[in-house]
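For reference, entry11.txt is printed below; it contains compact mmCIF, C-alpha atoms.
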```
# COMPACT_ATOMS: atom_id res chain seq x y z
CA MET A 127 15.69 36.30 -1.67
CA GLN A 128 18.25 33.57 -2.14
CA ALA A 129 17.67 33.83 -5.87
CA LEU A 130 18.30 37.58 -5.89
CA ILE A 131 21.50 37.28 -3.93
CA ASP A 132 22.65 34.42 -6.13
CA ILE A 133 22.17 36.41 -9.29
CA GLY A 134 23.78 39.44 -7.68
CA SER A 135 20.72 41.53 -8.39
CA PRO A 136 20.57 45.08 -7.08
CA LYS A 137 17.00 44.19 -6.14
CA ALA A 138 18.39 42.01 -3.37
CA ALA A 139 18.97 45.16 -1.32
CA ASP A 140 15.36 46.28 -1.88
CA LEU A 141 14.04 42.91 -0.93
CA MET A 142 16.20 42.87 2.17
CA ARG A 143 14.81 46.27 3.15
CA SER A 144 11.22 45.09 2.61
CA LEU A 145 11.85 41.97 4.59
CA ILE A 146 13.35 43.90 7.45
CA ALA A 147 10.48 46.39 7.39
CA TYR A 148 8.03 43.48 7.42
CA LEU A 149 9.71 41.75 10.32
CA ARG A 150 10.07 45.00 12.28
CA ALA A 151 6.39 45.69 11.82
CA ALA A 152 5.28 42.13 12.49
CA VAL A 153 7.36 40.63 15.23
CA PRO A 154 6.89 43.00 18.17
CA ARG A 155 3.13 43.24 17.58
CA LEU A 156 2.18 39.64 17.18
CA HIS A 157 1.91 39.02 20.90
CA GLU A 158 -0.41 41.96 21.41
CA PRO A 159 -4.10 41.21 20.97
CA THR A 160 -4.72 44.57 19.32
CA THR A 161 -2.79 47.02 17.19
CA THR A 162 -3.51 50.28 15.39
CA LEU A 163 -4.64 50.57 11.79
CA GLY A 164 -1.47 52.55 11.06
CA GLU A 165 0.70 49.67 12.24
CA GLU A 166 -1.42 47.18 10.33
CA LEU A 167 -0.93 49.25 7.19
CA ALA A 168 2.85 49.33 7.67
CA LEU A 169 2.80 45.56 7.91
CA VAL A 170 0.56 45.19 4.88
CA ARG A 171 2.72 47.55 2.79
CA ALA A 172 5.87 45.62 3.61
CA TYR A 173 4.12 42.32 2.88
CA LEU A 174 2.85 43.58 -0.48
CA GLU A 175 6.28 44.90 -1.42
CA LEU A 176 7.69 41.46 -0.80
CA MET A 177 4.94 39.78 -2.82
CA TYR A 178 5.44 42.30 -5.60
CA MET A 179 9.07 41.27 -5.87
CA ARG A 180 7.99 37.65 -6.12
CA MET A 181 5.55 38.31 -8.95
CA PRO A 182 6.22 41.75 -10.44
CA ASP A 183 4.39 40.84 -13.64
CA ARG A 184 1.23 39.60 -11.94
CA LEU A 185 0.59 41.76 -8.88
CA GLN A 186 -0.54 45.38 -8.74
CA TYR A 187 -1.84 47.08 -5.66
CA ALA A 188 -3.14 50.37 -4.37
CA ILE A 189 -3.89 51.65 -0.89
CA GLU A 190 -6.45 54.39 -0.28
CA THR A 191 -6.61 55.42 3.32
CA ASP A 192 -7.84 58.09 5.69
CA ALA A 193 -4.85 58.96 7.87
CA SER A 194 -7.10 60.28 10.62
CA LEU A 195 -8.10 56.66 11.29
CA HIS A 196 -4.57 55.34 11.73
CA ALA A 197 -4.66 55.53 15.50
CA VAL A 198 -7.83 53.43 15.67
CA ARG A 199 -7.28 50.09 17.38
CA CYS A 200 -8.22 46.77 15.82
CA PRO A 201 -7.34 43.10 16.43
CA THR A 202 -3.77 42.24 15.37
CA LEU A 203 -3.51 41.07 11.75
CA THR A 204 -7.01 42.24 10.83
CA LEU A 205 -5.92 43.78 7.55
CA LEU A 206 -3.07 41.39 6.87
CA THR A 207 -5.42 38.39 7.06
CA LEU A 208 -7.55 39.85 4.28
CA VAL A 209 -4.57 40.88 2.17
CA GLU A 210 -2.91 37.50 2.54
CA ASN A 211 -6.14 35.85 1.42
CA ALA A 212 -6.26 38.13 -1.60
CA VAL A 213 -2.71 37.14 -2.58
CA LYS A 214 -3.08 33.44 -1.81
CA HIS A 215 -6.56 32.77 -3.16
CA GLY A 216 -6.83 35.62 -5.68
CA ILE A 217 -3.49 36.46 -7.29
CA ASP A 218 -1.42 33.30 -6.83
CA PRO A 219 -3.77 30.97 -8.72
CA ALA A 220 -4.53 33.48 -11.51
CA GLU A 221 -2.40 33.17 -14.66
CA ASP A 222 -2.69 36.88 -15.28
CA GLY A 223 -2.57 37.84 -11.62
CA GLY A 224 -4.58 40.87 -10.67
CA ARG A 225 -4.88 44.04 -8.66
CA ILE A 226 -5.44 44.38 -4.93
CA VAL A 227 -7.09 47.54 -3.67
CA ILE A 228 -7.20 48.34 0.03
CA ARG A 229 -9.52 51.06 1.28
CA ILE A 230 -9.91 52.49 4.74
CA TRP A 231 -12.60 55.07 5.34
CA ARG A 232 -14.99 56.55 7.85
CA ASP A 233 -18.70 56.01 7.40
CA ALA A 234 -21.38 57.25 9.81
CA GLY A 235 -19.43 56.67 13.00
CA ARG A 236 -17.98 53.42 11.75
CA CYS A 237 -14.57 52.47 10.50
CA ARG A 238 -14.72 50.56 7.22
CA LEU A 239 -11.98 48.42 5.73
CA ARG A 240 -12.20 46.87 2.29
CA VAL A 241 -9.77 44.58 0.48
CA GLU A 242 -10.70 43.64 -3.05
CA ASP A 243 -8.78 41.74 -5.66
CA SER A 244 -9.36 41.07 -9.33
CA GLY A 245 -7.80 37.62 -9.11
CA ALA A 246 -9.13 34.11 -9.42
CA GLY A 247 -12.19 34.41 -7.19
CA LEU A 248 -13.55 32.26 -4.40
CA GLY A 249 -14.49 29.19 -6.34
CA ALA A 250 -11.19 28.93 -8.17
CA SER A 251 -8.85 28.54 -5.24
CA ALA A 252 -7.38 25.08 -4.99
CA HIS A 253 -7.10 25.13 -1.24
CA GLY A 254 -10.41 26.47 -0.01
CA LEU A 255 -10.70 29.15 2.59
CA GLY A 256 -8.70 28.32 5.63
CA THR A 257 -9.34 29.20 9.20
CA GLY A 258 -8.00 32.76 8.83
CA LEU A 259 -11.37 34.37 8.13
CA SER A 260 -13.27 32.46 10.80
CA THR A 261 -10.64 33.33 13.37
CA LEU A 262 -10.68 36.97 12.31
CA ARG A 263 -14.45 37.02 12.60
CA ASP A 264 -14.26 35.66 16.15
CA ARG A 265 -11.58 38.16 17.11
CA LEU A 266 -13.54 41.09 15.70
CA ALA A 267 -16.57 39.95 17.68
CA LEU A 268 -14.44 39.76 20.82
CA SER A 269 -13.20 43.31 20.30
CA PHE A 270 -16.36 44.99 19.11
CA GLY A 271 -19.20 42.64 20.04
CA ALA A 272 -22.24 42.70 17.80
CA GLY A 273 -21.02 45.96 16.24
CA ALA A 274 -18.44 44.16 14.12
CA GLU A 275 -19.14 42.90 10.64
CA LEU A 276 -17.09 40.86 8.21
CA GLN A 277 -18.47 40.08 4.79
CA VAL A 278 -16.87 38.35 1.89
CA ALA A 279 -18.41 38.51 -1.55
CA ALA A 280 -17.46 37.98 -5.17
CA HIS A 281 -15.92 41.02 -6.83
CA LEU A 282 -17.07 41.35 -10.43
CA PRO A 283 -16.11 40.46 -13.10
CA HIS A 284 -13.78 38.21 -11.13
CA GLY A 285 -12.06 38.28 -7.80
CA THR A 286 -13.11 38.68 -4.20
CA ARG A 287 -14.10 41.54 -1.95
CA ALA A 288 -13.86 41.46 1.82
CA ASP A 289 -15.46 44.15 3.96
CA ILE A 290 -14.98 44.86 7.62
CA GLY A 291 -16.84 47.45 9.63
CA PHE A 292 -16.76 48.31 13.31
CA PRO A 293 -17.93 51.23 15.45
CA LEU A 294 -15.46 54.02 16.11
CA ALA A 295 -14.95 55.11 19.69
CA VAL A 296 -16.65 58.46 20.30
CA ASP A 297 -13.39 60.43 20.35
CA ALA A 298 -11.86 58.81 17.24
CA MET B 3 29.19 19.74 -34.90
CA PRO B 4 26.09 18.54 -33.07
CA THR B 5 23.46 21.13 -32.25
CA PRO B 6 23.83 22.39 -28.69
CA PRO B 7 21.29 21.02 -26.19
CA SER B 8 18.36 23.28 -25.42
CA ALA B 9 16.04 23.68 -22.47
CA LEU B 10 12.81 25.32 -21.43
CA ILE B 11 12.43 26.89 -17.98
CA ALA B 12 8.96 27.35 -16.53
CA ASP B 13 8.31 29.21 -13.27
CA ASP B 14 5.73 31.84 -12.41
CA GLU B 15 8.30 33.83 -10.45
CA PRO B 16 10.62 35.72 -12.83
CA LEU B 17 13.38 35.94 -10.22
CA LEU B 18 13.49 32.19 -9.87
CA ARG B 19 13.63 31.68 -13.63
CA GLU B 20 16.51 34.11 -13.77
CA ALA B 21 18.31 32.39 -10.90
CA LEU B 22 18.02 28.93 -12.48
CA LYS B 23 19.12 30.32 -15.82
CA ARG B 24 22.27 31.76 -14.29
CA GLN B 25 23.05 28.59 -12.39
CA LEU B 26 22.66 26.55 -15.56
CA ALA B 27 24.86 29.01 -17.48
CA ARG B 28 27.57 28.39 -14.91
CA LEU B 29 27.25 24.62 -14.70
CA TRP B 30 26.37 23.85 -18.31
CA PRO B 31 27.63 26.66 -20.52
CA GLU B 32 26.69 24.90 -23.80
CA LEU B 33 23.04 24.55 -22.79
CA GLN B 34 20.82 27.02 -24.59
CA ILE B 35 17.70 28.32 -22.91
CA ALA B 36 15.23 28.02 -25.75
CA ALA B 37 12.27 29.43 -23.87
CA GLU B 38 11.08 30.80 -20.54
CA ALA B 39 7.47 30.24 -19.52
CA ARG B 40 5.51 31.95 -16.74
CA ASN B 41 2.81 29.31 -16.35
CA GLY B 42 1.99 25.76 -17.34
CA ARG B 43 0.04 26.74 -20.43
CA ASP B 44 2.87 28.90 -21.76
CA ALA B 45 5.26 26.03 -21.03
CA VAL B 46 3.30 23.63 -23.25
CA ARG B 47 2.86 26.22 -25.99
CA LEU B 48 6.55 27.19 -25.99
CA PHE B 49 7.57 23.56 -25.89
CA GLU B 50 5.56 22.86 -29.04
CA GLU B 51 7.09 25.90 -30.70
CA ARG B 52 10.76 25.38 -29.83
CA GLN B 53 10.95 21.62 -29.16
CA PRO B 54 13.72 21.76 -26.52
CA GLN B 55 15.18 18.45 -25.33
CA LEU B 56 14.93 19.41 -21.67
CA CYS B 57 12.19 21.03 -19.59
CA PHE B 58 12.63 22.45 -16.10
CA LEU B 59 9.10 22.76 -14.74
CA ASP B 60 8.03 24.44 -11.52
CA ILE B 61 5.26 22.41 -9.88
CA GLN B 62 3.11 25.20 -8.45
CA MET B 63 2.12 27.44 -11.31
CA PRO B 64 -1.18 29.21 -11.88
CA GLY B 65 -3.56 27.54 -14.29
CA LEU B 66 -1.83 24.42 -15.54
CA SER B 67 0.58 22.95 -12.97
CA GLY B 68 4.04 21.67 -13.82
CA VAL B 69 2.79 18.10 -13.53
CA GLN B 70 -0.07 18.75 -15.94
CA ALA B 71 2.30 20.46 -18.38
CA ALA B 72 4.61 17.43 -18.17
CA GLN B 73 1.69 15.14 -18.98
CA GLN B 74 1.15 17.05 -22.19
CA ILE B 75 4.82 17.12 -23.11
CA GLY B 76 5.02 13.39 -22.47
CA ARG B 77 8.18 11.62 -23.61
CA ARG B 78 9.18 14.28 -26.06
CA ALA B 79 11.58 15.88 -23.57
CA HIS B 80 13.56 14.97 -20.47
CA ILE B 81 11.68 16.55 -17.60
CA VAL B 82 13.09 17.94 -14.38
CA PHE B 83 10.61 19.23 -11.80
CA VAL B 84 11.43 22.15 -9.56
CA THR B 85 9.53 22.38 -6.30
CA ALA B 86 9.43 24.47 -3.16
CA TYR B 87 11.04 22.79 -0.17
CA ASP B 88 7.89 22.90 1.92
CA ASP B 89 5.72 21.52 -0.81
CA TYR B 90 3.82 18.36 -0.07
CA ALA B 91 5.08 17.19 -3.45
CA VAL B 92 8.60 16.70 -2.12
CA GLN B 93 7.62 13.50 -0.34
CA ALA B 94 6.00 12.18 -3.50
CA PHE B 95 9.15 12.91 -5.48
CA ALA B 96 11.46 11.41 -2.92
CA GLU B 97 9.62 8.10 -3.34
CA GLY B 98 9.50 8.14 -7.13
CA ALA B 99 12.13 7.95 -9.81
CA LEU B 100 11.41 11.39 -11.24
CA ASP B 101 14.08 14.04 -11.60
CA TYR B 102 13.46 16.94 -9.31
CA LEU B 103 15.18 19.91 -7.73
CA VAL B 104 14.18 21.58 -4.49
CA LYS B 105 14.10 25.38 -4.28
CA PRO B 106 16.33 27.21 -3.60
CA VAL B 107 18.27 25.08 -6.05
CA GLN B 108 21.69 24.14 -4.70
CA ASP B 109 24.63 24.12 -7.13
CA ALA B 110 25.79 20.67 -6.04
CA ARG B 111 22.35 19.17 -6.57
CA LEU B 112 21.95 20.88 -9.92
CA ALA B 113 25.39 19.65 -10.98
CA ASP B 114 24.24 16.06 -10.33
CA THR B 115 21.14 16.61 -12.39
CA VAL B 116 23.13 18.22 -15.19
CA GLU B 117 25.52 15.28 -15.29
CA ARG B 118 22.63 12.81 -15.49
CA LEU B 119 20.97 14.76 -18.26
CA GLN B 120 24.21 15.05 -20.21
CA GLN B 121 24.68 11.28 -20.06
CA ARG B 122 21.16 10.71 -21.30
CA LEU B 123 21.55 13.14 -24.17
CA GLN B 124 24.91 11.66 -25.12
CA ALA B 125 23.51 8.14 -25.16
CA ALA B 126 20.58 9.46 -27.17
CA GLN B 127 18.38 7.82 -24.56
CA PRO B 128 14.70 8.46 -25.02
CA ALA B 129 12.99 10.28 -22.17
CA ALA B 130 11.79 7.91 -19.49
CA ASP B 131 8.17 6.83 -19.61
CA ILE B 132 6.83 8.62 -16.56
CA ALA B 133 3.16 8.71 -17.51
CA GLU B 134 2.11 6.40 -14.68
CA GLN B 135 4.14 8.33 -12.11
CA LEU B 136 2.73 11.61 -13.38
CA ARG B 137 -0.77 10.28 -13.07
CA ARG B 138 -0.15 9.29 -9.46
CA LEU B 139 1.59 12.57 -8.72
CA ALA B 140 -1.25 14.57 -10.25
CA ALA B 141 -3.67 12.74 -7.96
CA GLN B 142 -1.49 13.42 -4.94
CA LEU B 143 -1.23 17.08 -5.81
CA LEU B 144 -4.95 17.60 -5.78
CA PRO B 145 -5.78 19.94 -2.93
CA PRO B 146 -6.21 17.98 0.28
CA GLN B 147 -9.91 17.49 0.90
CA PRO B 148 -11.06 19.49 3.89
CA ARG B 149 -11.75 17.09 6.70
CA ALA B 150 -12.49 19.86 9.17
CA PRO B 151 -16.16 20.88 9.35
CA LEU B 152 -17.33 23.42 6.81
CA ARG B 153 -16.98 27.04 7.98
CA TRP B 154 -18.60 29.09 5.25
CA LEU B 155 -21.41 28.51 2.79
CA HIS B 156 -21.19 30.18 -0.60
CA ALA B 157 -24.63 31.52 -1.48
CA GLN B 158 -25.49 33.09 -4.79
CA ALA B 159 -28.06 35.90 -4.91
CA GLY B 160 -28.25 37.44 -8.36
CA ASN B 161 -24.77 38.74 -9.13
CA THR B 162 -23.62 38.63 -5.56
CA LEU B 163 -21.86 35.74 -3.98
CA ARG B 164 -22.23 35.81 -0.24
CA LEU B 165 -20.28 33.91 2.36
CA ILE B 166 -22.47 32.77 5.20
CA PRO B 167 -20.68 31.67 8.35
CA VAL B 168 -21.89 28.24 9.38
CA GLU B 169 -22.64 29.40 12.95
CA ALA B 170 -25.15 31.88 11.57
CA ILE B 171 -27.28 29.16 9.96
CA ASP B 172 -30.65 28.41 11.62
CA TYR B 173 -31.55 25.54 9.34
CA LEU B 174 -31.14 24.07 5.87
CA ARG B 175 -34.00 22.76 3.82
CA SER B 176 -33.56 20.89 0.57
CA ASP B 177 -35.29 22.28 -2.46
CA SER B 178 -34.81 19.75 -5.30
CA LYS B 179 -31.15 20.17 -6.29
CA TYR B 180 -30.68 23.37 -4.32
CA THR B 181 -30.63 23.99 -0.61
CA CYS B 182 -32.45 26.83 1.07
CA VAL B 183 -30.36 28.32 3.89
CA ALA B 184 -32.12 30.16 6.71
CA TRP B 185 -29.54 32.25 8.53
CA ARG B 186 -28.93 35.39 10.60
CA ASN B 187 -27.08 38.43 9.35
CA GLU B 188 -24.86 40.63 11.53
CA ALA B 189 -27.92 42.42 12.89
CA ALA B 190 -29.40 39.00 13.83
CA GLN B 191 -32.21 39.44 11.29
CA ALA B 192 -33.61 36.27 9.77
CA CYS B 193 -32.46 35.87 6.15
CA GLU B 194 -32.77 33.23 3.47
CA ALA B 195 -30.43 32.27 0.65
CA ILE B 196 -30.06 29.55 -1.92
CA VAL B 197 -26.99 27.35 -2.19
CA ALA B 198 -26.34 25.29 -5.29
CA THR B 199 -25.21 22.25 -3.29
CA PRO B 200 -27.54 19.40 -2.40
CA LEU B 201 -28.49 19.15 1.26
CA LYS B 202 -26.97 15.69 1.58
CA GLU B 203 -23.58 16.99 0.50
CA LEU B 204 -23.74 20.00 2.83
CA ALA B 205 -24.97 17.98 5.80
CA ALA B 206 -21.98 15.65 5.50
CA GLN B 207 -19.63 18.61 6.00
CA LEU B 208 -21.35 20.17 9.01
CA ASP B 209 -20.31 19.70 12.60
CA PRO B 210 -22.57 16.90 13.89
CA ALA B 211 -22.39 18.36 17.41
CA CYS B 212 -24.35 21.42 16.20
CA PHE B 213 -26.35 20.33 13.19
CA LEU B 214 -28.94 17.61 13.29
CA GLN B 215 -30.93 16.07 10.49
CA VAL B 216 -34.54 15.96 11.69
CA HIS B 217 -36.31 15.17 8.44
CA ARG B 218 -35.37 13.83 5.04
CA SER B 219 -35.18 17.42 3.78
CA VAL B 220 -34.29 19.41 6.91
CA VAL B 221 -31.08 19.91 8.90
CA VAL B 222 -31.33 22.21 11.91
CA ASN B 223 -28.80 24.07 14.03
CA LEU B 224 -29.49 22.94 17.60
CA HIS B 225 -28.75 26.46 18.84
CA ALA B 226 -31.67 27.80 16.80
CA ILE B 227 -34.29 25.55 18.39
CA GLU B 228 -36.62 27.18 20.87
CA HIS B 229 -38.82 24.20 21.64
CA LEU B 230 -40.28 21.03 20.22
CA VAL B 231 -43.98 20.17 20.09
CA ARG B 232 -44.80 16.48 19.88
CA HIS B 233 -47.78 15.19 17.99
CA ASP B 234 -49.74 12.00 18.54
CA ASN B 235 -48.59 10.34 15.35
CA GLU B 236 -44.97 10.20 16.50
CA THR B 237 -43.91 13.27 14.61
CA ALA B 238 -43.08 16.70 15.99
CA GLN B 239 -42.68 20.34 15.03
CA ILE B 240 -39.61 22.37 15.86
CA HIS B 241 -40.22 25.99 16.84
CA LEU B 242 -37.27 28.27 16.23
CA ARG B 243 -36.02 31.34 18.04
CA GLY B 244 -37.22 34.47 16.27
CA ARG B 245 -38.80 32.69 13.33
CA ARG B 246 -42.45 32.06 12.62
CA GLU B 247 -42.08 29.00 10.46
CA THR B 248 -41.80 25.59 12.09
CA LEU B 249 -39.82 22.59 10.95
CA PRO B 250 -41.11 19.03 10.72
CA VAL B 251 -39.45 16.19 12.60
CA SER B 252 -40.26 12.89 10.97
CA ARG B 253 -40.91 9.72 12.86
CA SER B 254 -37.58 8.11 12.14
CA TYR B 255 -35.65 11.09 13.51
CA LEU B 256 -37.70 11.66 16.65
CA PRO B 257 -35.71 9.22 18.81
CA LEU B 258 -32.77 11.64 18.49
CA PHE B 259 -34.65 14.07 20.69
CA ARG B 260 -35.68 11.42 23.20
CA ALA B 261 -32.08 10.73 23.90
CA MET B 262 -31.37 14.36 24.77
```
Could I get this file's structure written as C-alpha cells?
Amino acid sequence: MQALIDIGSPKAADLMRSLIAYLRAAVPRLHEPTTTLGEELALVRAYLELMYMRMPDRLQYAIETDASLHAVRCPTLTLLTLVENAVKHGIDPAEDGGRIVIRIWRDAGRCRLRVEDSGAGLGASAHGLGTGLSTLRDRLALSFGAGAELQVAAHLPHGTRADIGFPLAVDA
Amino acid sequence: MPTPPSALIADDEPLLREALKRQLARLWPELQIAAEARNGRDAVRLFEERQPQLCFLDIQMPGLSGVQAAQQIGRRAHIVFVTAYDDYAVQAFAEGALDYLVKPVQDARLADTVERLQQRLQAAQPAADIAEQLRRLAAQLLPPQPRAPLRWLHAQAGNTLRLIPVEAIDYLRSDSKYTCVAWRNEAAQACEAIVATPLKELAAQLDPACFLQVHRSVVVNLHAIEHLVRHDNETAQIHLRGRRETLPVSRSYLPLFRAM
C-alpha cells in the first residue's frame, strides 16, 4: 500500500478500495460466531484481491459458487481460514506461485466447500500448519456436530486441497 | 569517467521492487539498476550475469531466501538486506553489523545506507566478510520448531496424502521404520493408515496428557481405552472402544496404570 502511494501508482486507488471492502466485510462480522456463506465470499474476494496486488505474477484464482447457498450460515471465517492457508502455505513459498480455486456446491442435502491450490504443498511449507485448521474443525463441530467434516489432502501434481461438508437445514 | 555504480534488487513482490527502485532513483540518481529478481534463485543467476557491485535482497522470498542468496554471492558485492518490520529477522539484524532496511523503506534510512555504500565504493573497499554472520542468521531464520503438541498427522495412502487430526487417533504401533496409525474418520469408523515417521519421533510430539506409551512399539490414546485386563506375568492387554484387536502392555509400563 505504502509502496503504491509512494510510487504514485494508479493501482493505489484499487488497493485502497480492496482494503476498504475487506475491512467492511471483516470487521463487523468478527464478533459474531456465525456468518453467511455470501458474507464469507465477500471477505474472501476482497482478501484475494489484496493478495493479487501483492503478487500479481504468482497468484491466480477462481471462484465457482452456487448463489442459492449464499444465505447458508457457517462459522465465521470458515472459508477465509482455508483461503489464507492456501496463500500462506501454498502460494507464498512457491517460486512460481499457483492457482487457488474455491468451489461451493450442493451435494445430497449437504453444503460442500472446497479450496484447492496448485502451490507448494503441505510438506514444503516452512512454518507448518498452525492452529487455524484445528480451531476451524472444532468450530464446525460446535455448529454442526458430527455432521461436519473437514479434510485436507494433497492436490496433485502439487498443492493442497481442503474440503468441508456440513448438512443443510431442511429449508435451505 | 568511472563506470556508474550498479545494483541488483530482489523482492518477490513487484510493487516493492518498483518502490525501492524509485526511491533509489531519487536518492542516488547515478545508480543503475542492473537487474531485478523475483526470488533468491533469480537473484543469484542475475548477479552472476550482470555482476553489480550492490545487491538489495529481500529476506523472505520463495525458494532461496535472501540470506541464502547472499551466501552464494559472498564478498563479490556489498549486500543490503530488506526485511518486513514484523519479521523475526529484525532482531537478528539489530544485533549484527549487517546492512539492512526495514519495509516500508523510509527515505531517511535509505539515505543513510546510500551514503555508507557510496563511501565504500569510493574507497574501493572490499565487501565486508559476513559469512559467519550469514551462517548464524540462516540458522536463526529456520522456521521455529513447533513446541506445541502435534495436531495433525500426515498419512500417505497411494497418491493421497491425508491429514489425520491427533484427537482421532486410537493408537500408534511401530512397524519397522513406519508407524501404523489406528484412527477414526468423521463417521467414527475405525481406520488404519501408515505414517512415514518412526513411532519414537511421533510420540515425542504428542500431548502426554492424552497419549501413553504402553509398550516398546505401542502408544495409545487414553480416550480410546475401554478396559485393561491384567495377566499373571505382570503384563496386560488393553481393550479398545469399538475395536476387536487388543494392545499389549509390557511389564515395564504397567506401573503407569497402577498409579491411575
Next item on the list: Pull the neighbourhood of (-2.7, 45.0, -14.7) for me: all residues within 10 Å in file coordinates, counting all atoms listed in the file, as a VMD selection string.
Entry: chain A and resid 183 to 187 222 to 225 244
Residue subset to file, keeping C-alpha atoms, as a PDB file, in the frame of the given file:
```
ATOM      1  CA  ASP A 183       4.390  40.840 -13.640  1.00  0.00           C
ATOM      2  CA  ARG A 184       1.230  39.600 -11.940  1.00  0.00           C
ATOM      3  CA  LEU A 185       0.590  41.760  -8.880  1.00  0.00           C
ATOM      4  CA  GLN A 186      -0.540  45.380  -8.740  1.00  0.00           C
ATOM      5  CA  TYR A 187      -1.840  47.080  -5.660  1.00  0.00           C
ATOM      6  CA  ASP A 222      -2.690  36.880 -15.280  1.00  0.00           C
ATOM      7  CA  GLY A 223      -2.570  37.840 -11.620  1.00  0.00           C
ATOM      8  CA  GLY A 224      -4.580  40.870 -10.670  1.00  0.00           C
ATOM      9  CA  ARG A 225      -4.880  44.040  -8.660  1.00  0.00           C
ATOM     10  CA  SER A 244      -9.360  41.070  -9.330  1.00  0.00           C
TER      11      SER A 244
END
```
Margin query: Taking 4 positions as the minimum chain separation for residues in the same chain, which residues sit within 12 Å of Leu33 (chain B) when counting all atoms listed in the file? Answer as a list of chain:residue names.
Written below: B:Thr5, B:Pro6, B:Pro7, B:Ser8, B:Ala9, B:Leu10, B:Ile11, B:Lys23, B:Arg24, B:Gln25, B:Leu26, B:Ala27, B:Arg28, B:Leu29, B:Ala37, B:Pro54, B:Gln55, B:Leu56, B:Cys57, B:Val116, B:Leu119, B:Gln120, B:Leu123
Check: Near Leu249 (chain B), within 12 Å and counting all atoms listed in the file, which residues show up once chain neighbours fewer than 4 positions away are dropped, as an NGL selection string?
Finding: :B and (172-175 or 184 or 215-223 or 226-232 or 237-243 or 245)
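Considering the residues B:Asp109, B:Asp114, B:Asp101, B:Glu50 and counting only C-alpha atoms, Ile132 (chain B) has its shortest atom-to-atom contact with B:Asp101.
Note that the spacing between CA of Ala220 (chain A) and CA of Pro167 (chain B) amounts to 25.7 Å.
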Note to self: Residues proximal to (-11.6, 40.2, 17.6) were defined as those with any atom within 9 Å of that point in the file's coordinates, counting all atoms listed in the file. Which are they, as a PyMOL selection string?
What the structure shows: chain A and resi 159-160+200-202+204+261-271+274
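Put simply, CA of Glu190 (chain A) is 8.4 Å away from CA of Trp231 (chain A).
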Margin query: Residues within 9 Å of region 234-241 of chain A, please, as a PyMOL selection string. Count all atoms listed in the file; anything in the same chain fewer than 6 positions from it doesn't count.
Written below: chain A and resi 195+198+205+208-209+212+226-228+286-296+298
Output file for the selection above: C-alpha atoms, as a compact mmCIF listing (two decimals), in the frame of the given file:
```txt
# COMPACT_ATOMS: atom_id res chain seq x y z
CA LEU A 195 -8.10 56.66 11.29
CA VAL A 198 -7.83 53.43 15.67
CA LEU A 205 -5.92 43.78 7.55
CA LEU A 208 -7.55 39.85 4.28
CA VAL A 209 -4.57 40.88 2.17
CA ALA A 212 -6.26 38.13 -1.60
CA ILE A 226 -5.44 44.38 -4.93
CA VAL A 227 -7.09 47.54 -3.67
CA ILE A 228 -7.20 48.34 0.03
CA THR A 286 -13.11 38.68 -4.20
CA ARG A 287 -14.10 41.54 -1.95
CA ALA A 288 -13.86 41.46 1.82
CA ASP A 289 -15.46 44.15 3.96
CA ILE A 290 -14.98 44.86 7.62
CA GLY A 291 -16.84 47.45 9.63
CA PHE A 292 -16.76 48.31 13.31
CA PRO A 293 -17.93 51.23 15.45
CA LEU A 294 -15.46 54.02 16.11
CA ALA A 295 -14.95 55.11 19.69
CA VAL A 296 -16.65 58.46 20.30
CA ALA A 298 -11.86 58.81 17.24
```
Find the residues near Glu236 (chain B): any atom within 8 Å, counting all atoms listed in the file, skip ones fewer than 4 places away on the same chain, and give them as an mmCIF file with C-alpha atoms, in the coordinates of the input.
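Wrote out_27.cif, looks like this:
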```
data_model
loop_
_atom_site.group_PDB
_atom_site.id
_atom_site.type_symbol
_atom_site.label_atom_id
_atom_site.label_comp_id
_atom_site.auth_asym_id
_atom_site.auth_seq_id
_atom_site.Cartn_x
_atom_site.Cartn_y
_atom_site.Cartn_z
ATOM 1 C CA ARG B 232 -44.800 16.480 19.880
ATOM 2 C CA SER B 252 -40.260 12.890 10.970
ATOM 3 C CA ARG B 253 -40.910 9.720 12.860
ATOM 4 C CA LEU B 256 -37.700 11.660 16.650
#
```
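Picture a line from CA of Phe95 (chain B) to CA of Ala45 (chain B); it runs 20.7 Å.
Minimum atom-to-atom distance to Val170 (chain A), evaluated using all atoms listed in the file, belongs to A:Leu203 out of A:Leu203, A:His284, A:Glu242, A:Met142.
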